[in-house]
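Chemist: Before we start, here is the structure in question, set down as structure tokens.
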Amino acid sequence: MNDILTWAGVLVGIIGLAYAVYEGYQRKKLGTHIRAHNWLIYQRINNATGYAQRALAEYKRVIPQNTNTNTDLLELMIRSDESNQEVLREIIRQIQEFEPSFSETDFEHWMKEGKLTEDKVKLFRQFSVSTGFAKP
């Protein structure tokens, strides 16, 4: 009877260990997927923000030449830009949370990869916390 319990315990231990390895692999895979998705969303909202700002600037440029200023349209454009800016900040916070590290060195590396421009690095720096502690 003791032999059966011993072998059952060993079997449960092996199954538990295999499951832990599988879960670790799945967690790593999910983390990679989340990081890739964050960068995709960052690029999309960065583009949307740029388009909204360019449209707003063009509208403001044309206004002096046109006496029919549409203030409702101008207000919508401003709100669109503000909303895009808020989503941009949120996705940067997501990138900060899910990247293995989020430091000046990373920003420089991401600029070399083409993920960031110099003006966006300034925005990323606002989310950087340099405490000297590594992320867990």
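In the structure tokens, each chain is lettered A, B, ... as it comes, each chain's residues begin at 1, and ligands are numbered from 1 in order of appearance.
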Excluding same-chain residues fewer than 3 positions from Thr105 in chain A, what lies within 12 Å of it counting only C-alpha atoms, as a count of residues only?
Modeler: 12
Chemist: DSSP says helix (DSSP H, G or I) for which residues of chain A? Put them as a PyMOL selection string?
Modeler: chain A and resi 2-65+71-98+104-113+118-125
Chemist: Skip range 45-59 of chain A itself and residues of its chain fewer than 3 positions away, then list as a ChimeraX atom specification all residues within 9 Å of it, counting only C-alpha atoms.
Modeler: /A:40-42,62-63,74,77-78,80-85,87-88,91
Chemist: Of the residues A:Gln126, A:Lys120, A:Glu99, A:Gly16, which is the one nearest to Lys28 in chain A, using only C-alpha atoms?
Modeler: A:Glu99
